[in-house]
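Student: Got a file for you: run.tsv, TSV, C-alpha atoms (C1' of nucleotides).
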```tsv
chain	number	residue	atom	x	y	z
A	1	MET	CA	-23.02	74.52	114.82
A	2	ASN	CA	-26.05	73.79	112.71
A	3	GLU	CA	-25.00	72.72	109.24
A	4	GLU	CA	-28.26	73.69	107.60
A	5	LEU	CA	-28.01	77.20	108.94
A	6	MET	CA	-24.41	77.45	107.81
A	7	LYS	CA	-25.53	76.95	104.25
A	8	LYS	CA	-28.38	79.39	104.65
A	9	PHE	CA	-26.38	82.25	106.06
A	10	SER	CA	-22.86	81.85	104.83
A	11	ASN	CA	-23.58	81.77	101.13
A	12	PRO	CA	-23.96	85.19	99.54
A	13	GLN	CA	-25.52	83.68	96.43
A	14	ASP	CA	-28.90	82.02	96.54
A	15	CYS	CA	-29.64	83.89	99.74
A	16	PRO	CA	-33.22	85.17	99.85
A	17	VAL	CA	-32.30	87.55	102.63
A	18	ARG	CA	-29.84	89.37	100.44
A	19	ASN	CA	-32.42	89.41	97.69
A	20	VAL	CA	-34.84	91.23	99.94
A	21	VAL	CA	-32.26	93.62	101.26
A	22	ASP	CA	-30.95	94.42	97.81
A	23	ARG	CA	-34.49	95.04	96.63
A	24	ILE	CA	-36.04	97.22	99.31
A	25	GLY	CA	-32.93	98.15	101.26
A	26	ASP	CA	-32.00	101.07	99.08
A	27	LYS	CA	-33.10	104.53	99.94
A	28	TRP	CA	-36.21	104.87	97.80
A	29	SER	CA	-37.65	101.62	96.45
A	30	MET	CA	-39.89	100.88	99.38
A	31	LEU	CA	-41.21	104.41	99.43
A	32	VAL	CA	-42.09	104.29	95.75
A	33	LEU	CA	-43.78	100.91	96.07
A	34	LEU	CA	-45.89	102.04	98.99
A	35	LEU	CA	-46.86	105.21	97.22
A	36	LEU	CA	-47.97	103.28	94.14
A	37	ALA	CA	-49.92	100.98	96.42
A	38	GLU	CA	-52.03	103.93	97.52
A	39	GLU	CA	-52.40	105.86	94.30
A	40	LYS	CA	-52.56	102.94	91.84
A	41	VAL	CA	-51.34	104.92	88.82
A	42	LEU	CA	-48.89	107.80	88.83
A	43	ARG	CA	-46.87	109.77	86.35
A	44	PHE	CA	-43.18	110.36	86.79
A	45	ASN	CA	-43.59	113.92	87.97
A	46	GLU	CA	-46.42	113.03	90.30
A	47	ILE	CA	-44.20	110.59	92.15
A	48	HIS	CA	-41.56	113.25	92.20
A	49	LYS	CA	-43.93	115.71	93.83
A	50	TYR	CA	-45.13	113.23	96.42
A	51	ILE	CA	-41.60	112.31	97.40
A	52	GLY	CA	-40.26	115.81	97.47
A	53	THR	CA	-36.76	114.92	98.57
A	54	ILE	CA	-35.88	112.43	95.84
A	55	SER	CA	-33.76	113.66	92.98
A	56	GLN	CA	-34.88	113.21	89.42
A	57	LYS	CA	-31.95	110.94	88.80
A	58	MET	CA	-32.62	108.62	91.72
A	59	LEU	CA	-36.30	108.41	90.87
A	60	ALA	CA	-35.43	107.33	87.35
A	61	VAL	CA	-32.90	104.81	88.62
A	62	THR	CA	-35.30	103.44	91.23
A	63	LEU	CA	-38.19	103.09	88.82
A	64	LYS	CA	-36.05	101.39	86.21
A	65	SER	CA	-34.78	98.92	88.75
A	66	LEU	CA	-38.27	98.15	90.00
A	67	GLU	CA	-39.43	97.76	86.43
A	68	SER	CA	-36.61	95.42	85.55
A	69	ASP	CA	-37.63	93.17	88.42
A	70	GLY	CA	-41.21	93.10	87.28
A	71	LEU	CA	-42.55	94.89	90.33
A	72	VAL	CA	-43.67	98.01	88.51
A	73	ASN	CA	-45.20	98.49	85.11
A	74	ARG	CA	-44.23	101.36	82.84
A	75	THR	CA	-46.64	102.65	80.24
A	76	VAL	CA	-45.53	105.19	77.67
A	77	TYR	CA	-48.06	107.34	75.82
A	78	PRO	CA	-46.46	108.44	72.55
A	79	GLN	CA	-47.39	112.10	72.60
A	80	ILE	CA	-45.69	115.42	73.02
A	81	PRO	CA	-44.98	116.28	75.72
A	82	PRO	CA	-44.50	112.64	76.73
A	83	LYS	CA	-46.63	110.96	79.35
A	84	VAL	CA	-45.45	107.95	81.29
A	85	GLU	CA	-47.47	106.12	83.89
A	86	TYR	CA	-46.31	103.72	86.56
A	87	GLN	CA	-48.28	101.13	88.47
A	88	LEU	CA	-47.66	97.98	90.44
A	89	THR	CA	-47.59	94.65	88.63
A	90	SER	CA	-49.28	91.64	90.21
A	91	ARG	CA	-45.89	90.60	91.51
A	92	GLY	CA	-45.42	94.01	93.05
A	93	LYS	CA	-48.86	93.80	94.59
A	94	SER	CA	-47.99	90.44	96.12
A	95	LEU	CA	-45.04	92.02	97.90
A	96	LEU	CA	-46.88	94.97	99.27
A	97	PRO	CA	-48.83	93.47	102.15
A	98	HIS	CA	-45.54	92.44	103.71
A	99	LEU	CA	-44.10	95.91	103.33
A	100	GLN	CA	-47.19	97.41	104.88
A	101	LYS	CA	-46.90	95.08	107.85
A	102	LEU	CA	-43.37	96.29	108.31
A	103	VAL	CA	-44.47	99.89	108.21
A	104	SER	CA	-47.20	99.35	110.71
A	105	TRP	CA	-44.73	97.57	112.99
A	106	ALA	CA	-42.47	100.58	112.66
A	107	LYS	CA	-45.31	102.93	113.54
A	108	ASP	CA	-46.10	100.92	116.65
A	109	ASN	CA	-42.49	100.74	117.79
A	110	MET	CA	-40.99	104.01	116.61
A	111	ASN	CA	-41.30	105.79	119.91
A	112	ASP	CA	-40.05	102.92	122.03
A	113	ILE	CA	-37.10	102.46	119.74
A	114	GLN	CA	-36.19	106.11	119.91
A	115	THR	CA	-36.26	106.19	123.69
A	116	SER	CA	-34.24	102.98	123.75
A	117	ARG	CA	-31.72	104.63	121.51
A	118	GLN	CA	-31.49	107.66	123.76
A	119	ASN	CA	-31.19	105.62	126.93
A	120	PHE	CA	-28.56	103.42	125.38
A	121	ILE	CA	-25.31	103.89	127.20
A	122	GLN	CA	-22.48	101.49	126.79
A	123	THR	CA	-22.75	99.00	129.67
A	124	ASP	CA	-19.50	97.21	129.20
A	125	ASP	CA	-19.17	95.54	132.58
B	1	MET	CA	-52.85	115.38	94.56
B	2	ASN	CA	-53.82	113.72	97.80
B	3	GLU	CA	-52.87	115.96	100.72
B	4	GLU	CA	-52.70	113.16	103.24
B	5	LEU	CA	-50.25	111.24	101.11
B	6	MET	CA	-48.18	114.35	100.58
B	7	LYS	CA	-47.59	114.54	104.30
B	8	LYS	CA	-46.84	110.85	104.54
B	9	PHE	CA	-44.30	110.68	101.79
B	10	SER	CA	-42.75	114.09	101.56
B	11	ASN	CA	-41.60	114.44	105.15
B	12	PRO	CA	-38.28	112.75	105.91
B	13	GLN	CA	-38.93	112.97	109.65
B	14	ASP	CA	-41.71	110.99	111.28
B	15	CYS	CA	-41.72	108.64	108.33
B	16	PRO	CA	-42.13	105.01	109.38
B	17	VAL	CA	-40.91	103.87	106.00
B	18	ARG	CA	-37.54	105.49	106.53
B	19	ASN	CA	-37.45	103.99	109.98
B	20	VAL	CA	-37.84	100.53	108.55
B	21	VAL	CA	-35.34	101.09	105.79
B	22	ASP	CA	-32.79	102.55	108.18
B	23	ARG	CA	-33.26	99.60	110.49
B	24	ILE	CA	-33.17	96.56	108.22
B	25	GLY	CA	-31.99	98.20	105.01
B	26	ASP	CA	-28.33	97.97	105.87
B	27	LYS	CA	-26.26	95.07	104.69
B	28	TRP	CA	-26.34	92.82	107.76
B	29	SER	CA	-29.06	93.64	110.31
B	30	MET	CA	-31.73	91.48	108.80
B	31	LEU	CA	-29.38	88.56	108.44
B	32	VAL	CA	-28.34	88.75	112.09
B	33	LEU	CA	-31.91	89.01	113.29
B	34	LEU	CA	-33.00	86.00	111.28
B	35	LEU	CA	-30.05	84.00	112.47
B	36	LEU	CA	-30.83	84.80	116.11
B	37	ALA	CA	-34.43	83.83	115.44
B	38	GLU	CA	-33.29	80.33	114.60
B	39	GLU	CA	-30.52	79.78	117.10
B	40	LYS	CA	-31.98	81.71	120.06
B	41	VAL	CA	-28.64	82.43	121.76
B	42	LEU	CA	-25.31	82.98	120.04
B	43	ARG	CA	-21.88	84.23	120.94
B	44	PHE	CA	-20.10	86.85	118.91
B	45	ASN	CA	-17.83	84.41	117.18
B	46	GLU	CA	-20.62	81.96	116.48
B	47	ILE	CA	-22.51	84.61	114.57
B	48	HIS	CA	-19.30	85.44	112.82
B	49	LYS	CA	-18.88	81.84	111.73
B	50	TYR	CA	-22.44	81.52	110.54
B	51	ILE	CA	-22.21	84.67	108.48
B	52	GLY	CA	-18.82	83.97	107.03
B	53	THR	CA	-18.61	87.04	104.86
B	54	ILE	CA	-19.23	89.70	107.49
B	55	SER	CA	-16.20	91.53	108.83
B	56	GLN	CA	-15.55	91.67	112.55
B	57	LYS	CA	-16.06	95.38	112.49
B	58	MET	CA	-19.41	95.31	110.76
B	59	LEU	CA	-20.67	92.58	113.04
B	60	ALA	CA	-19.80	94.68	116.07
B	61	VAL	CA	-21.40	97.76	114.54
B	62	THR	CA	-24.52	95.86	113.55
B	63	LEU	CA	-24.97	94.22	116.92
B	64	LYS	CA	-24.47	97.47	118.76
B	65	SER	CA	-27.02	99.20	116.61
B	66	LEU	CA	-29.54	96.40	117.12
B	67	GLU	CA	-28.87	96.49	120.82
B	68	SER	CA	-29.31	100.24	121.03
B	69	ASP	CA	-32.73	99.88	119.43
B	70	GLY	CA	-33.76	97.22	121.90
B	71	LEU	CA	-34.05	94.48	119.33
B	72	VAL	CA	-31.18	92.38	120.63
B	73	ASN	CA	-30.01	91.68	124.12
B	74	ARG	CA	-26.33	91.53	125.02
B	75	THR	CA	-25.15	89.50	127.99
B	76	VAL	CA	-21.57	89.74	129.16
B	77	TYR	CA	-20.02	86.99	131.29
B	78	PRO	CA	-17.17	88.55	133.26
B	79	GLN	CA	-14.52	85.95	132.66
B	80	ILE	CA	-11.27	85.60	130.78
B	81	PRO	CA	-11.39	85.12	127.91
B	82	PRO	CA	-14.63	87.08	127.71
B	83	LYS	CA	-17.90	85.51	126.67
B	84	VAL	CA	-20.74	87.54	125.25
B	85	GLU	CA	-24.10	86.20	124.23
B	86	TYR	CA	-26.74	87.74	122.01
B	87	GLN	CA	-30.42	86.98	121.77
B	88	LEU	CA	-33.57	88.63	120.53
B	89	THR	CA	-35.56	90.81	122.89
B	90	SER	CA	-39.32	90.62	122.89
B	91	ARG	CA	-39.36	93.66	120.64
B	92	GLY	CA	-36.99	91.91	118.29
B	93	LYS	CA	-39.19	88.84	118.32
B	94	SER	CA	-42.20	90.94	117.45
B	95	LEU	CA	-40.45	92.14	114.31
B	96	LEU	CA	-39.31	88.77	113.13
B	97	PRO	CA	-42.50	87.26	111.72
B	98	HIS	CA	-42.63	90.15	109.27
B	99	LEU	CA	-39.07	89.61	108.20
B	100	GLN	CA	-39.70	85.93	107.71
B	101	LYS	CA	-42.68	86.68	105.52
B	102	LEU	CA	-40.45	88.87	103.40
B	103	VAL	CA	-37.88	86.13	103.08
B	104	SER	CA	-40.42	83.56	102.09
B	105	TRP	CA	-41.81	85.98	99.51
B	106	ALA	CA	-38.27	86.36	98.19
B	107	LYS	CA	-37.83	82.61	97.98
B	108	ASP	CA	-41.04	82.26	96.02
B	109	ASN	CA	-40.18	85.06	93.61
B	110	MET	CA	-36.41	84.90	93.30
B	111	ASN	CA	-36.38	82.93	90.08
B	112	ASP	CA	-39.09	84.94	88.39
B	113	ILE	CA	-37.36	88.16	89.32
B	114	GLN	CA	-34.08	87.00	87.95
B	115	THR	CA	-35.53	85.99	84.64
B	116	SER	CA	-37.40	89.30	84.50
B	117	ARG	CA	-34.12	91.05	85.09
B	118	GLN	CA	-32.44	89.16	82.29
B	119	ASN	CA	-35.27	89.68	79.83
B	120	PHE	CA	-35.42	93.36	80.67
B	121	ILE	CA	-34.46	95.37	77.65
B	122	GLN	CA	-35.12	99.05	77.45
B	123	THR	CA	-38.42	99.40	75.58
B	124	ASP	CA	-38.38	103.11	75.06
B	125	ASP	CA	-40.90	103.34	72.27
C	1	DC	C1'	-12.59	86.12	122.81
C	2	DT	C1'	-14.64	90.40	121.93
C	3	DG	C1'	-14.21	94.07	120.47
C	4	DC	C1'	-12.31	99.31	119.15
C	5	DA	C1'	-9.20	102.53	116.21
C	6	DT	C1'	-7.45	103.68	111.96
C	7	DC	C1'	-7.10	104.03	107.26
C	8	DC	C1'	-8.88	103.26	102.72
C	9	DT	C1'	-12.02	102.18	98.81
C	10	DC	C1'	-15.90	102.26	96.18
C	11	DA	C1'	-20.59	102.73	95.05
C	12	DA	C1'	-24.76	105.12	96.27
C	13	DC	C1'	-26.52	109.32	96.08
C	14	DG	C1'	-27.06	114.35	94.92
C	15	DA	C1'	-26.64	118.73	91.93
C	16	DT	C1'	-26.66	120.55	87.72
C	17	DA	C1'	-27.09	120.91	82.94
C	18	DC	C1'	-28.86	119.17	78.83
C	19	DT	C1'	-32.17	116.49	75.24
C	20	DG	C1'	-36.14	114.31	72.48
D	1	DC	C1'	-42.64	115.92	80.51
D	2	DA	C1'	-39.54	112.43	81.28
D	3	DG	C1'	-35.74	111.43	81.37
D	4	DT	C1'	-29.94	111.05	80.37
D	5	DA	C1'	-25.04	112.69	81.09
D	6	DT	C1'	-21.61	114.33	83.89
D	7	DC	C1'	-19.32	115.47	87.87
D	8	DG	C1'	-18.63	115.72	92.81
D	9	DT	C1'	-19.54	114.20	97.52
D	10	DT	C1'	-20.24	111.23	101.29
D	11	DG	C1'	-20.63	107.47	104.17
D	12	DA	C1'	-21.14	102.44	104.42
D	13	DG	C1'	-18.34	98.93	104.53
D	14	DG	C1'	-13.67	96.23	104.37
D	15	DA	C1'	-8.67	95.29	105.95
D	16	DT	C1'	-5.54	95.46	109.30
D	17	DG	C1'	-3.64	96.09	113.75
D	18	DC	C1'	-4.08	96.69	118.62
D	19	DA	C1'	-6.25	96.17	123.54
D	20	DG	C1'	-8.63	94.41	127.79
```
Take the structure I supplied and represent it as structure tokens, if you would.

Tutor:
Amino acid sequence: MNEELMKKFSNPQDCPVRNVVDRIGDKWSMLVLLLLAEEKVLRFNEIHKYIGTISQKMLAVTLKSLESDGLVNRTVYPQIPPKVEYQLTSRGKSLLPHLQKLVSWAKDNMNDIQTSRQNFIQTDD
Amino acid sequence: MNEELMKKFSNPQDCPVRNVVDRIGDKWSMLVLLLLAEEKVLRFNEIHKYIGTISQKMLAVTLKSLESDGLVNRTVYPQIPPKVEYQLTSRGKSLLPHLQKLVSWAKDNMNDIQTSRQNFIQTDD
DNA sequence: CTGCATCCTCAACGATACTG
DNA sequence: CAGTATCGTTGAGGATGCAG
């Protein structure tokens, strides 16, 4: 056994992998980030319309979490009715190329993966 | 509203983003893939030892799911006690550089993110 | 050794109603 | 418009025991 790897993979704290998974592994974060990457600035309800299947609650939770990590910026215009705009921070922008690579990998491999999944029959011998 | 983006983000099916999230967004898949990237070939129990906190059940579930998607190869040696080895397929290897980029991004930004998270106080005005 | 079966828990998520 | 509050559901994940 490799001692270095033991440290890297056995320790739940200080594990960058878990950091990534906790960040973009939830149901909506990655979607919101990629949407903001394309539209630059969006209001709460605009995001909601783009991602039709997200609930208002989860959108609020997701945005707040992204904001608290400094990936997304929240700008409030003090007017009635209120207007709030969201956009990527520089830190958020620095993450996005990697997410986009992942997406393009997924596009390239989606079909193969799905046929693999269908052809997958337990071969236990 | 941008019609192209509507299609991309509103449709749960055919969405590469969901594909990615479903694949590596679970608690263990990414960790297993990265471990196999470093050690090339590992037995069930070796993976289990490296990732000390994963349960036997979840390791089995994770490996089976990765195998069914053609990302990991499973080789059974018909002997008693049984011996089973896991390694990345070429498809799995093609995904890994992107995961490693994500991890290195996480390493670079972990500290900043954590301080952001601590300094984050609701600024609702 | 490498799993599968079973039961159980908890947190993510969703639906709905309400507010400044 | 942009959320919060509340309640209910569901499924991912963990613990334990058993099997080939």

Student: Could you list the residues in chain D lying within 12 Å of chain B, using all atoms listed in the file, and format the result as a list in words?

Tutor: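 Putting it all together, I get DA2, DG3, DA12, DG13, DG14, DA15, DT16 and DG20 of chain D.
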
Student: Could the residues in this selection be saved with C-alpha atoms (C1' of nucleotides) as a compact mmCIF listing (two decimals), in the frame of the given file?

Tutor:
```txt
# COMPACT_ATOMS: atom_id res chain seq x y z
C1' DA D 2 -39.54 112.43 81.28
C1' DG D 3 -35.74 111.43 81.37
C1' DA D 12 -21.14 102.44 104.42
C1' DG D 13 -18.34 98.93 104.53
C1' DG D 14 -13.67 96.23 104.37
C1' DA D 15 -8.67 95.29 105.95
C1' DT D 16 -5.54 95.46 109.30
C1' DG D 20 -8.63 94.41 127.79
```

Student: Could you give me the centre and size, in Å to one decimal, of an axis-aligned box around all listed atoms of region 12-16 of chain A with 6 Å added on every side, as lines of an AutoDock Vina configuration file?

Tutor:
```
center_x = -28.6
center_y = 83.6
center_z = 98.1
size_x = 21.3
size_y = 15.2
size_z = 15.4
```

Student: CA of Leu36 (chain A) and CA of Gly25 (chain B) are how many Å apart?

Tutor: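 Answer for the CA of Leu36 (chain A) to CA of Gly25 (chain B) separation: 20.0 Å.
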
Student: Excluding same-chain residues fewer than 2 positions from Gln87 (chain A), what lies within 7 Å of it counting only C-alpha atoms (C1' of nucleotides), as a ChimeraX atom specification?

Tutor: /A:36,40-42,72-74,85,89

Student: Identify, on the basis of all atoms listed in the file, every residue whose closest approach to Tyr50 (chain B) does not exceed 10 Å; exclude the query and any residue fewer than 5 positions from it along the same chain; express the result as an MDAnalysis selection string.

Tutor: (chainID A and resid 1:3 5:11) or (chainID B and resid 32 35 45)

Student: At what distance in Å, to one decimal, does C1' of DT10 (chain D) lie from CA of Ile51 (chain A)?

Tutor: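 Distance reported for this atom pair: 21.7 Å.
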
Student: Taking a cut-off of 10 Å and counting only C-alpha atoms (C1' of nucleotides), can you build a table that, for each residue of chain C near chain A, reports the nearest atom pair and how far apart they are in Å (one decimal), sorted by chain then residue number, as a Markdown table?

Tutor:
```
| residue | atom | partner | partner_atom | distance |
| --- | --- | --- | --- | --- |
| C:DA12 | C1' | A:Asp26 | CA | 8.8 |
| C:DC13 | C1' | A:Met58 | CA | 7.5 |
| C:DG14 | C1' | A:Ser55 | CA | 7.0 |
| C:DA15 | C1' | A:Ser55 | CA | 8.8 |
| C:DG20 | C1' | A:Pro82 | CA | 9.5 |
```

Student: Quick check: residues of chain B within 7 Å of chain A, only C-alpha atoms, returned as number ranges by chain.

Tutor: B: 6, 9-10, 16-17, 19-21, 25-26, 31, 50-53, 68-70, 98, 101-103, 106-107, 113, 116-117, 120

Student: Could you work out how far C1' of DA19 (chain D) lies from C1' of DT2 (chain C), giving the answer in Å with one decimal?

Tutor: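 Calculated distance between C1' of DT2 (chain C) and C1' of DA19 (chain D) is 10.3 Å.
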
Student: Considering all atoms listed in the file, can you say which of A:Gly92, A:Ala60, A:Asn111, A:Arg43 comes closest to DC1 (chain D)?

Tutor: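 Nearest to DC1 (chain D): A:Arg43.
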
Student: Reconstruct N, CA, C and O atoms of region 27-44 of chain B; output as a PDB file, keeping the file's coordinate frame.

Tutor:
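Result saved to rebuild-v2.pdb:
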```pdb
ATOM      1  N   LYS B  27     -26.683  96.326 105.312  1.00  0.00           N
ATOM      2  CA  LYS B  27     -26.260  95.070 104.690  1.00  0.00           C
ATOM      3  C   LYS B  27     -26.456  93.844 105.581  1.00  0.00           C
ATOM      4  O   LYS B  27     -26.620  92.725 105.077  1.00  0.00           O
ATOM      5  N   TRP B  28     -26.435  94.011 106.899  1.00  0.00           N
ATOM      6  CA  TRP B  28     -26.340  92.820 107.760  1.00  0.00           C
ATOM      7  C   TRP B  28     -27.429  92.665 108.795  1.00  0.00           C
ATOM      8  O   TRP B  28     -27.650  91.551 109.299  1.00  0.00           O
ATOM      9  N   SER B  29     -28.120  93.715 109.184  1.00  0.00           N
ATOM     10  CA  SER B  29     -29.060  93.640 110.310  1.00  0.00           C
ATOM     11  C   SER B  29     -30.073  92.518 110.162  1.00  0.00           C
ATOM     12  O   SER B  29     -30.291  91.716 111.070  1.00  0.00           O
ATOM     13  N   MET B  30     -30.684  92.466 109.004  1.00  0.00           N
ATOM     14  CA  MET B  30     -31.730  91.480 108.800  1.00  0.00           C
ATOM     15  C   MET B  30     -31.182  90.066 108.918  1.00  0.00           C
ATOM     16  O   MET B  30     -31.805  89.187 109.505  1.00  0.00           O
ATOM     17  N   LEU B  31     -30.011  89.874 108.381  1.00  0.00           N
ATOM     18  CA  LEU B  31     -29.380  88.560 108.440  1.00  0.00           C
ATOM     19  C   LEU B  31     -29.125  88.148 109.879  1.00  0.00           C
ATOM     20  O   LEU B  31     -29.405  87.012 110.284  1.00  0.00           O
ATOM     21  N   VAL B  32     -28.616  89.063 110.686  1.00  0.00           N
ATOM     22  CA  VAL B  32     -28.340  88.750 112.090  1.00  0.00           C
ATOM     23  C   VAL B  32     -29.625  88.441 112.838  1.00  0.00           C
ATOM     24  O   VAL B  32     -29.704  87.464 113.598  1.00  0.00           O
ATOM     25  N   LEU B  33     -30.642  89.235 112.605  1.00  0.00           N
ATOM     26  CA  LEU B  33     -31.910  89.010 113.290  1.00  0.00           C
ATOM     27  C   LEU B  33     -32.486  87.641 112.947  1.00  0.00           C
ATOM     28  O   LEU B  33     -32.941  86.903 113.832  1.00  0.00           O
ATOM     29  N   LEU B  34     -32.436  87.288 111.680  1.00  0.00           N
ATOM     30  CA  LEU B  34     -33.000  86.000 111.280  1.00  0.00           C
ATOM     31  C   LEU B  34     -32.187  84.838 111.820  1.00  0.00           C
ATOM     32  O   LEU B  34     -32.728  83.785 112.155  1.00  0.00           O
ATOM     33  N   LEU B  35     -30.888  85.053 111.903  1.00  0.00           N
ATOM     34  CA  LEU B  35     -30.050  84.000 112.470  1.00  0.00           C
ATOM     35  C   LEU B  35     -30.369  83.800 113.951  1.00  0.00           C
ATOM     36  O   LEU B  35     -30.512  82.666 114.427  1.00  0.00           O
ATOM     37  N   LEU B  36     -30.492  84.895 114.686  1.00  0.00           N
ATOM     38  CA  LEU B  36     -30.830  84.800 116.110  1.00  0.00           C
ATOM     39  C   LEU B  36     -32.228  84.206 116.306  1.00  0.00           C
ATOM     40  O   LEU B  36     -32.503  83.558 117.320  1.00  0.00           O
ATOM     41  N   ALA B  37     -33.088  84.412 115.334  1.00  0.00           N
ATOM     42  CA  ALA B  37     -34.430  83.830 115.440  1.00  0.00           C
ATOM     43  C   ALA B  37     -34.366  82.304 115.414  1.00  0.00           C
ATOM     44  O   ALA B  37     -35.173  81.626 116.035  1.00  0.00           O
ATOM     45  N   GLU B  38     -33.378  81.783 114.727  1.00  0.00           N
ATOM     46  CA  GLU B  38     -33.290  80.330 114.600  1.00  0.00           C
ATOM     47  C   GLU B  38     -32.454  79.690 115.686  1.00  0.00           C
ATOM     48  O   GLU B  38     -32.729  78.577 116.123  1.00  0.00           O
ATOM     49  N   GLU B  39     -31.430  80.386 116.143  1.00  0.00           N
ATOM     50  CA  GLU B  39     -30.520  79.780 117.100  1.00  0.00           C
ATOM     51  C   GLU B  39     -30.701  80.284 118.534  1.00  0.00           C
ATOM     52  O   GLU B  39     -29.975  79.880 119.430  1.00  0.00           O
ATOM     53  N   LYS B  40     -31.630  81.220 118.712  1.00  0.00           N
ATOM     54  CA  LYS B  40     -31.980  81.710 120.060  1.00  0.00           C
ATOM     55  C   LYS B  40     -30.844  82.456 120.765  1.00  0.00           C
ATOM     56  O   LYS B  40     -30.977  83.619 121.092  1.00  0.00           O
ATOM     57  N   VAL B  41     -29.732  81.775 121.041  1.00  0.00           N
ATOM     58  CA  VAL B  41     -28.640  82.430 121.760  1.00  0.00           C
ATOM     59  C   VAL B  41     -27.332  82.125 121.037  1.00  0.00           C
ATOM     60  O   VAL B  41     -27.045  80.974 120.730  1.00  0.00           O
ATOM     61  N   LEU B  42     -26.566  83.181 120.756  1.00  0.00           N
ATOM     62  CA  LEU B  42     -25.310  82.980 120.040  1.00  0.00           C
ATOM     63  C   LEU B  42     -24.227  83.902 120.578  1.00  0.00           C
ATOM     64  O   LEU B  42     -24.496  85.040 120.961  1.00  0.00           O
ATOM     65  N   ARG B  43     -23.021  83.400 120.580  1.00  0.00           N
ATOM     66  CA  ARG B  43     -21.880  84.230 120.940  1.00  0.00           C
ATOM     67  C   ARG B  43     -21.398  84.988 119.719  1.00  0.00           C
ATOM     68  O   ARG B  43     -21.719  84.634 118.580  1.00  0.00           O
ATOM     69  N   PHE B  44     -20.610  86.015 119.990  1.00  0.00           N
ATOM     70  CA  PHE B  44     -20.100  86.850 118.910  1.00  0.00           C
ATOM     71  C   PHE B  44     -19.461  86.028 117.790  1.00  0.00           C
ATOM     72  O   PHE B  44     -19.818  86.146 116.619  1.00  0.00           O
TER      73      PHE B  44
END
```
